[in-house]
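> Sharing coords33.pdb here; it has PDB, C-alpha atoms.
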MODEL        1
ATOM      1  CA  MET A   1      59.073  61.573 -21.559  1.00  0.00           C
ATOM      2  CA  ALA A   2      60.710  63.931 -19.045  1.00  0.00           C
ATOM      3  CA  LEU A   3      58.692  65.331 -16.186  1.00  0.00           C
ATOM      4  CA  PRO A   4      57.958  69.031 -16.358  1.00  0.00           C
ATOM      5  CA  SER A   5      60.033  71.208 -14.050  1.00  0.00           C
ATOM      6  CA  THR A   6      56.945  72.367 -12.144  1.00  0.00           C
ATOM      7  CA  TYR A   7      53.672  70.716 -11.304  1.00  0.00           C
ATOM      8  CA  ALA A   8      51.806  73.771 -10.027  1.00  0.00           C
ATOM      9  CA  ASP A   9      49.415  73.795 -12.981  1.00  0.00           C
ATOM     10  CA  ARG A  10      48.607  70.081 -12.786  1.00  0.00           C
ATOM     11  CA  ASN A  11      45.330  68.798 -11.420  1.00  0.00           C
ATOM     12  CA  CYS A  12      46.982  66.698  -8.708  1.00  0.00           C
ATOM     13  CA  SER A  13      47.249  67.529  -5.025  1.00  0.00           C
ATOM     14  CA  LEU A  14      50.334  65.328  -4.608  1.00  0.00           C
ATOM     15  CA  ALA A  15      52.105  67.148  -7.427  1.00  0.00           C
ATOM     16  CA  ARG A  16      51.234  70.507  -5.845  1.00  0.00           C
ATOM     17  CA  ALA A  17      52.472  69.332  -2.433  1.00  0.00           C
ATOM     18  CA  LEU A  18      55.749  68.222  -4.037  1.00  0.00           C
ATOM     19  CA  GLU A  19      56.132  71.750  -5.417  1.00  0.00           C
ATOM     20  CA  VAL A  20      56.256  72.920  -1.781  1.00  0.00           C
ATOM     21  CA  VAL A  21      58.224  70.176   0.008  1.00  0.00           C
ATOM     22  CA  GLY A  22      59.652  67.966  -2.730  1.00  0.00           C
ATOM     23  CA  GLU A  23      62.944  69.689  -3.447  1.00  0.00           C
ATOM     24  CA  ARG A  24      66.141  68.211  -2.081  1.00  0.00           C
ATOM     25  CA  TRP A  25      66.818  69.400   1.489  1.00  0.00           C
ATOM     26  CA  THR A  26      63.318  70.794   2.087  1.00  0.00           C
ATOM     27  CA  LEU A  27      61.930  67.939   4.190  1.00  0.00           C
ATOM     28  CA  LEU A  28      65.175  67.807   6.167  1.00  0.00           C
ATOM     29  CA  ILE A  29      64.737  71.497   6.988  1.00  0.00           C
ATOM     30  CA  VAL A  30      61.153  70.779   8.067  1.00  0.00           C
ATOM     31  CA  ARG A  31      62.335  67.778  10.113  1.00  0.00           C
ATOM     32  CA  ASP A  32      64.930  69.889  11.890  1.00  0.00           C
ATOM     33  CA  ALA A  33      62.310  72.582  12.557  1.00  0.00           C
ATOM     34  CA  PHE A  34      60.256  69.870  14.332  1.00  0.00           C
ATOM     35  CA  PHE A  35      63.393  68.942  16.281  1.00  0.00           C
ATOM     36  CA  GLY A  36      63.640  72.561  17.460  1.00  0.00           C
ATOM     37  CA  VAL A  37      66.195  74.119  15.118  1.00  0.00           C
ATOM     38  CA  ARG A  38      65.225  77.744  14.470  1.00  0.00           C
ATOM     39  CA  ARG A  39      68.233  79.749  13.307  1.00  0.00           C
ATOM     40  CA  PHE A  40      69.746  79.923   9.835  1.00  0.00           C
ATOM     41  CA  GLY A  41      73.266  79.124  11.018  1.00  0.00           C
ATOM     42  CA  ASP A  42      72.011  76.156  13.020  1.00  0.00           C
ATOM     43  CA  PHE A  43      70.159  74.708  10.009  1.00  0.00           C
ATOM     44  CA  ALA A  44      73.288  75.216   7.896  1.00  0.00           C
ATOM     45  CA  ALA A  45      75.587  73.582  10.441  1.00  0.00           C
ATOM     46  CA  GLN A  46      73.268  70.684  11.270  1.00  0.00           C
ATOM     47  CA  LEU A  47      72.441  69.781   7.684  1.00  0.00           C
ATOM     48  CA  GLY A  48      75.710  70.677   5.961  1.00  0.00           C
ATOM     49  CA  ILE A  49      73.578  72.390   3.323  1.00  0.00           C
ATOM     50  CA  PRO A  50      75.021  75.058   1.036  1.00  0.00           C
ATOM     51  CA  ARG A  51      73.988  78.473   2.385  1.00  0.00           C
ATOM     52  CA  ALA A  52      72.527  79.636  -0.937  1.00  0.00           C
ATOM     53  CA  VAL A  53      70.341  76.525  -1.120  1.00  0.00           C
ATOM     54  CA  LEU A  54      69.239  76.976   2.493  1.00  0.00           C
ATOM     55  CA  THR A  55      68.347  80.611   1.805  1.00  0.00           C
ATOM     56  CA  SER A  56      66.249  79.566  -1.172  1.00  0.00           C
ATOM     57  CA  ARG A  57      64.470  76.734   0.678  1.00  0.00           C
ATOM     58  CA  LEU A  58      63.716  78.856   3.758  1.00  0.00           C
ATOM     59  CA  LYS A  59      62.381  81.676   1.584  1.00  0.00           C
ATOM     60  CA  SER A  60      60.127  79.262  -0.277  1.00  0.00           C
ATOM     61  CA  LEU A  61      58.846  77.640   2.943  1.00  0.00           C
ATOM     62  CA  VAL A  62      58.044  81.083   4.362  1.00  0.00           C
ATOM     63  CA  GLN A  63      56.283  82.142   1.132  1.00  0.00           C
ATOM     64  CA  GLU A  64      54.209  78.957   1.226  1.00  0.00           C
ATOM     65  CA  GLY A  65      53.232  79.530   4.865  1.00  0.00           C
ATOM     66  CA  VAL A  66      55.017  76.422   6.183  1.00  0.00           C
ATOM     67  CA  LEU A  67      57.451  78.485   8.274  1.00  0.00           C
ATOM     68  CA  THR A  68      57.389  81.959   9.747  1.00  0.00           C
ATOM     69  CA  ARG A  69      60.451  84.186   9.780  1.00  0.00           C
ATOM     70  CA  ASP A  70      60.661  86.277  12.931  1.00  0.00           C
ATOM     71  CA  GLU A  71      63.300  88.895  13.604  1.00  0.00           C
ATOM     72  CA  ALA A  72      63.831  89.603  17.300  1.00  0.00           C
ATOM     73  CA  ALA A  73      65.646  92.444  18.964  1.00  0.00           C
ATOM     74  CA  GLY A  74      69.317  92.422  18.118  1.00  0.00           C
ATOM     75  CA  GLY A  75      68.671  91.175  14.587  1.00  0.00           C
ATOM     76  CA  ILE A  76      68.314  87.510  15.557  1.00  0.00           C
ATOM     77  CA  VAL A  77      66.176  85.750  12.964  1.00  0.00           C
ATOM     78  CA  GLU A  78      64.290  82.577  13.835  1.00  0.00           C
ATOM     79  CA  TYR A  79      62.154  80.274  11.739  1.00  0.00           C
ATOM     80  CA  GLN A  80      59.217  78.382  13.220  1.00  0.00           C
ATOM     81  CA  LEU A  81      56.689  75.969  11.819  1.00  0.00           C
ATOM     82  CA  THR A  82      53.219  77.394  11.284  1.00  0.00           C
ATOM     83  CA  GLY A  83      50.043  75.379  11.806  1.00  0.00           C
ATOM     84  CA  LYS A  84      50.308  74.405   8.130  1.00  0.00           C
ATOM     85  CA  GLY A  85      53.888  73.262   8.749  1.00  0.00           C
ATOM     86  CA  VAL A  86      52.976  71.253  11.854  1.00  0.00           C
ATOM     87  CA  GLU A  87      50.435  69.383   9.705  1.00  0.00           C
ATOM     88  CA  LEU A  88      53.437  67.870   7.896  1.00  0.00           C
ATOM     89  CA  TRP A  89      54.391  65.819  10.997  1.00  0.00           C
ATOM     90  CA  PRO A  90      52.545  62.648   9.898  1.00  0.00           C
ATOM     91  CA  ILE A  91      54.424  62.735   6.579  1.00  0.00           C
ATOM     92  CA  VAL A  92      57.803  63.340   8.244  1.00  0.00           C
ATOM     93  CA  ARG A  93      57.031  60.614  10.806  1.00  0.00           C
ATOM     94  CA  ALA A  94      55.926  58.165   8.113  1.00  0.00           C
ATOM     95  CA  LEU A  95      59.110  58.721   6.100  1.00  0.00           C
ATOM     96  CA  MET A  96      61.235  58.292   9.216  1.00  0.00           C
ATOM     97  CA  GLY A  97      59.375  55.056   9.976  1.00  0.00           C
ATOM     98  CA  TRP A  98      59.843  53.801   6.424  1.00  0.00           C
ATOM     99  CA  GLY A  99      63.555  54.608   6.601  1.00  0.00           C
ATOM    100  CA  ASP A 100      63.845  52.834   9.964  1.00  0.00           C
ATOM    101  CA  ALA A 101      62.015  49.756   8.647  1.00  0.00           C
ATOM    102  CA  HIS A 102      64.183  49.424   5.551  1.00  0.00           C
ATOM    103  CA  TYR A 103      67.532  50.937   6.492  1.00  0.00           C
ATOM    104  CA  SER A 104      67.997  50.621  10.248  1.00  0.00           C
ATOM    105  CA  PRO A 105      68.351  46.948  11.195  1.00  0.00           C
ATOM    106  CA  ALA A 106      69.187  47.826  14.819  1.00  0.00           C
ATOM    107  CA  GLY A 107      65.824  49.570  15.306  1.00  0.00           C
ATOM    108  CA  VAL A 108      64.434  53.077  15.102  1.00  0.00           C
ATOM    109  CA  LYS A 109      66.959  55.899  14.911  1.00  0.00           C
ATOM    110  CA  ARG A 110      64.700  58.204  16.918  1.00  0.00           C
ATOM    111  CA  ALA A 111      61.948  57.070  19.248  1.00  0.00           C
ATOM    112  CA  VAL A 112      58.802  59.157  19.569  1.00  0.00           C
ATOM    113  CA  ARG A 113      57.002  59.064  22.897  1.00  0.00           C
ATOM    114  CA  HIS A 114      54.081  60.652  24.665  1.00  0.00           C
ATOM    115  CA  ASP A 115      55.844  63.133  26.939  1.00  0.00           C
ATOM    116  CA  ALA A 116      53.159  62.814  29.632  1.00  0.00           C
ATOM    117  CA  ASP A 117      53.574  59.089  30.278  1.00  0.00           C
ATOM    118  CA  GLY A 118      56.597  57.987  28.228  1.00  0.00           C
ATOM    119  CA  GLY A 119      54.563  55.607  26.080  1.00  0.00           C
ATOM    120  CA  LEU A 120      55.841  54.891  22.586  1.00  0.00           C
ATOM    121  CA  LEU A 121      53.702  56.208  19.746  1.00  0.00           C
ATOM    122  CA  ASP A 122      52.495  53.937  16.977  1.00  0.00           C
ATOM    123  CA  HIS A 123      52.527  54.922  13.289  1.00  0.00           C
ATOM    124  CA  ASP A 124      49.208  56.746  13.771  1.00  0.00           C
ATOM    125  CA  GLY A 125      50.551  58.850  16.660  1.00  0.00           C
ATOM    126  CA  ARG A 126      48.633  56.919  19.311  1.00  0.00           C
ATOM    127  CA  CYS A 127      50.304  56.326  22.671  1.00  0.00           C
ATOM    128  CA  GLN A 128      50.706  52.609  23.342  1.00  0.00           C
ATOM    129  CA  ASP A 129      50.329  53.210  27.095  1.00  0.00           C
ATOM    130  CA  CYS A 130      47.275  55.468  27.413  1.00  0.00           C
ATOM    131  CA  GLY A 131      45.726  55.108  23.939  1.00  0.00           C
ATOM    132  CA  GLU A 132      45.609  58.864  23.336  1.00  0.00           C
ATOM    133  CA  VAL A 133      46.381  60.361  19.925  1.00  0.00           C
ATOM    134  CA  VAL A 134      49.177  62.696  20.956  1.00  0.00           C
ATOM    135  CA  PRO A 135      49.362  66.239  19.545  1.00  0.00           C
ATOM    136  CA  VAL A 136      52.737  67.292  18.145  1.00  0.00           C
ATOM    137  CA  PRO A 137      53.726  69.633  21.021  1.00  0.00           C
ATOM    138  CA  ASP A 138      53.262  66.727  23.468  1.00  0.00           C
ATOM    139  CA  ILE A 139      55.580  64.359  21.586  1.00  0.00           C
ATOM    140  CA  ARG A 140      59.039  63.697  22.995  1.00  0.00           C
ATOM    141  CA  ILE A 141      61.770  62.571  20.626  1.00  0.00           C
ATOM    142  CA  GLU A 142      64.883  60.748  21.766  1.00  0.00           C
ATOM    143  CA  PRO A 143      67.614  58.525  20.360  1.00  0.00           C
ATOM    144  CA  GLY A 144      66.291  55.046  19.650  1.00  0.00           C
ATOM    145  CA  PRO A 145      68.059  51.672  19.618  1.00  0.00           C
ATOM    146  CA  GLY A 146      69.224  52.204  16.022  1.00  0.00           C
ATOM    147  CA  TYR A 147      70.771  55.595  16.723  1.00  0.00           C
ATOM    148  CA  GLU A 148      74.494  55.559  16.010  1.00  0.00           C
ATOM    149  CA  PRO A 149      76.381  58.575  17.323  1.00  0.00           C
ATOM    150  CA  SER A 150      79.235  59.718  15.163  1.00  0.00           C
ATOM    151  CA  GLY A 151      82.737  59.035  16.464  1.00  0.00           C
ATOM    152  CA  ALA A 152      83.419  62.760  16.734  1.00  0.00           C
ATOM    153  CA  VAL A 153      82.616  64.857  19.775  1.00  0.00           C
ATOM    154  CA  PRO A 154      79.140  66.235  19.028  1.00  0.00           C
ATOM    155  CA  ASP A 155      78.743  69.948  18.511  1.00  0.00           C
ATOM    156  CA  PRO A 156      76.411  71.667  21.016  1.00  0.00           C
ATOM    157  CA  LEU A 157      73.472  71.758  18.580  1.00  0.00           C
ATOM    158  CA  SER A 158      73.727  68.042  17.732  1.00  0.00           C
ATOM    159  CA  ALA A 159      74.023  67.245  21.431  1.00  0.00           C
ATOM    160  CA  ALA A 160      70.862  69.255  22.149  1.00  0.00           C
ATOM    161  CA  ILE A 161      68.919  67.634  19.300  1.00  0.00           C
ATOM    162  CA  ASN A 162      69.947  64.170  20.480  1.00  0.00           C
ATOM    163  CA  THR A 163      68.890  64.811  24.067  1.00  0.00           C
ATOM    164  CA  PRO A 164      65.296  63.783  24.780  1.00  0.00           C
ATOM    165  CA  HIS A 165      63.054  66.818  24.293  1.00  0.00           C
ATOM    166  CA  ARG A 166      59.622  67.760  23.027  1.00  0.00           C
ATOM    167  CA  LEU A 167      59.092  68.444  19.355  1.00  0.00           C
ATOM    168  CA  LEU A 168      58.986  72.144  18.458  1.00  0.00           C
ATOM    169  CA  GLU A 169      60.910  73.024  21.640  1.00  0.00           C
ATOM    170  CA  PRO A 170      63.682  75.387  20.514  1.00  0.00           C
ATOM    171  CA  VAL A 171      67.250  74.131  20.554  1.00  0.00           C
ATOM    172  CA  THR A 172      70.206  76.336  19.739  1.00  0.00           C
ATOM    173  CA  ALA A 173      73.928  75.947  19.606  1.00  0.00           C
ATOM    174  CA  ALA A 174      75.772  77.449  22.549  1.00  0.00           C
ATOM    175  CA  ARG A 175      77.046  80.858  21.535  1.00  0.00           C
ATOM    176  CA  PRO A 176      79.621  83.041  23.197  1.00  0.00           C
ATOM    177  CA  ALA A 177      78.256  86.117  24.936  1.00  0.00           C
ATOM    178  CA  PRO A 178      78.403  89.273  22.761  1.00  0.00           C
TER     179      PRO A 178
ENDMDL
END
When written as structure tokens, how does the structure in this file appear?


Amino acid sequence: MALPSTYADRNCSLARALEVVGERWTLLIVRDAFFGVRRFGDFAAQLGIPRAVLTSRLKSLVQEGVLTRDEAAGGIVEYQLTGKGVELWPIVRALMGWGDAHYSPAGVKRAVRHDADGGLLDHDGRCQDCGEVVPVPDIRIEPGPGYEPSGAVPDPLSAAINTPHRLLEPVTAARPAP
């Protein structure tokens, strides 16, 4: 029997959560928002996602309260994770860890560390050096031993994302002055 196209009316919290973040591309958008991507064009360039799909996913994430859409002076639009969105970090982290364990024989693609002391975080988000459970804004992400840079010269946004930095810290592609 085929699954219904929506699960919103089902009595299952997992099914309802999948209605919000289960579509193709959605968790990658959320992941990149954790990595500091904020602008539409940067999401599109980083993910290689069709613009119409990105528009749809961003609209849905804003409607669900996972992202905010803020328009600054000059018409620059930025998307940021809300508190509800930041609560998705353990899920994103767990999926990254699962992918590393099963598909990255050279080690983790991205290491997560406590920015204060550089200690690696375990799967529960606890610093292996100080023992503290580290809140998301205090987590530093950096290329791990399994990270394999592409052979091409990285674009400015990819270079910024792959430079050690705190989660949620904004990264943007270098743009020419107007």

> At a cut-off of 12 Å, can you tabulate as CSV every residue of range 22-88 of chain A near range 158-162 of chain A together with its closest atom pair and the distance in Å to one decimal, using only C-alpha atoms and ordering rows by chain then number?


residue,atom,partner,partner_atom,distance
A:Arg31,CA,A:Ile161,CA,11.3
A:Asp32,CA,A:Ile161,CA,8.7
A:Ala33,CA,A:Ile161,CA,10.7
A:Phe34,CA,A:Ile161,CA,10.2
A:Phe35,CA,A:Ile161,CA,6.4
A:Gly36,CA,A:Ile161,CA,7.5
A:Val37,CA,A:Ile161,CA,8.2
A:Arg38,CA,A:Ile161,CA,11.8
A:Asp42,CA,A:Ser158,CA,9.5
A:Phe43,CA,A:Ser158,CA,10.8
A:Ala45,CA,A:Ser158,CA,9.3
A:Gln46,CA,A:Ser158,CA,7.0
A:Leu47,CA,A:Ser158,CA,10.3

> Go ahead and find all residues with at least one atom no further than 12 Å from (71.4, 55.3, 15.8) in the file's coordinates, using all atoms listed in the file; report them as a VMD selection string.

chain A and resid 100 103 to 111 142 to 151 162

> Give me the residues within 8 Å of His123 in chain A as an NGL selection string, counting all atoms listed in the file and dropping any in the same chain fewer than 5 places off.

:A and (93-94 or 97)

> Selected residues, C-alpha atoms, written as an mmCIF file, in the coordinates of the input, please.


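out05.cif, freshly written:
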data_model
loop_
_atom_site.group_PDB
_atom_site.id
_atom_site.type_symbol
_atom_site.label_atom_id
_atom_site.label_comp_id
_atom_site.auth_asym_id
_atom_site.auth_seq_id
_atom_site.Cartn_x
_atom_site.Cartn_y
_atom_site.Cartn_z
ATOM 1 C CA ARG A 93 57.031 60.614 10.806
ATOM 2 C CA ALA A 94 55.926 58.165 8.113
ATOM 3 C CA GLY A 97 59.375 55.056 9.976
#

> Taking the file as shown, what set of residues would the PyMOL selection byres ((chain A and resi 24) around 12) give back, as a PyMOL selection string?

chain A and resi 18-23+25-30+47+49-50+53-54+56-57

> Counting all atoms listed in the file, what is within 10 Å of Leu121 in chain A, bar same-chain residues fewer than 3 positions away, as JSON, numbers by chain?

{"A": [111, 112, 113, 114, 118, 124, 125, 126, 127, 128, 129, 131, 132, 133, 134, 139, 140]}

> With C-alpha atoms retained, could you export that selection as a PDB file, in the frame of the given file?


ATOM      1  CA  ALA A 111      61.948  57.070  19.248  1.00  0.00           C
ATOM      2  CA  VAL A 112      58.802  59.157  19.569  1.00  0.00           C
ATOM      3  CA  ARG A 113      57.002  59.064  22.897  1.00  0.00           C
ATOM      4  CA  HIS A 114      54.081  60.652  24.665  1.00  0.00           C
ATOM      5  CA  GLY A 118      56.597  57.987  28.228  1.00  0.00           C
ATOM      6  CA  ASP A 124      49.208  56.746  13.771  1.00  0.00           C
ATOM      7  CA  GLY A 125      50.551  58.850  16.660  1.00  0.00           C
ATOM      8  CA  ARG A 126      48.633  56.919  19.311  1.00  0.00           C
ATOM      9  CA  CYS A 127      50.304  56.326  22.671  1.00  0.00           C
ATOM     10  CA  GLN A 128      50.706  52.609  23.342  1.00  0.00           C
ATOM     11  CA  ASP A 129      50.329  53.210  27.095  1.00  0.00           C
ATOM     12  CA  GLY A 131      45.726  55.108  23.939  1.00  0.00           C
ATOM     13  CA  GLU A 132      45.609  58.864  23.336  1.00  0.00           C
ATOM     14  CA  VAL A 133      46.381  60.361  19.925  1.00  0.00           C
ATOM     15  CA  VAL A 134      49.177  62.696  20.956  1.00  0.00           C
ATOM     16  CA  ILE A 139      55.580  64.359  21.586  1.00  0.00           C
ATOM     17  CA  ARG A 140      59.039  63.697  22.995  1.00  0.00           C
TER      18      ARG A 140
END

> Assuming 4 Å of padding per side, give the centre and edge lengths of the axis-aligned box around every listed atom of range 27-41 of chain A, in Å to one decimal and as AutoDock Vina command-line options.


--center_x 66.8 --center_y 73.9 --center_z 10.8 --size_x 21.0 --size_y 20.1 --size_z 21.3
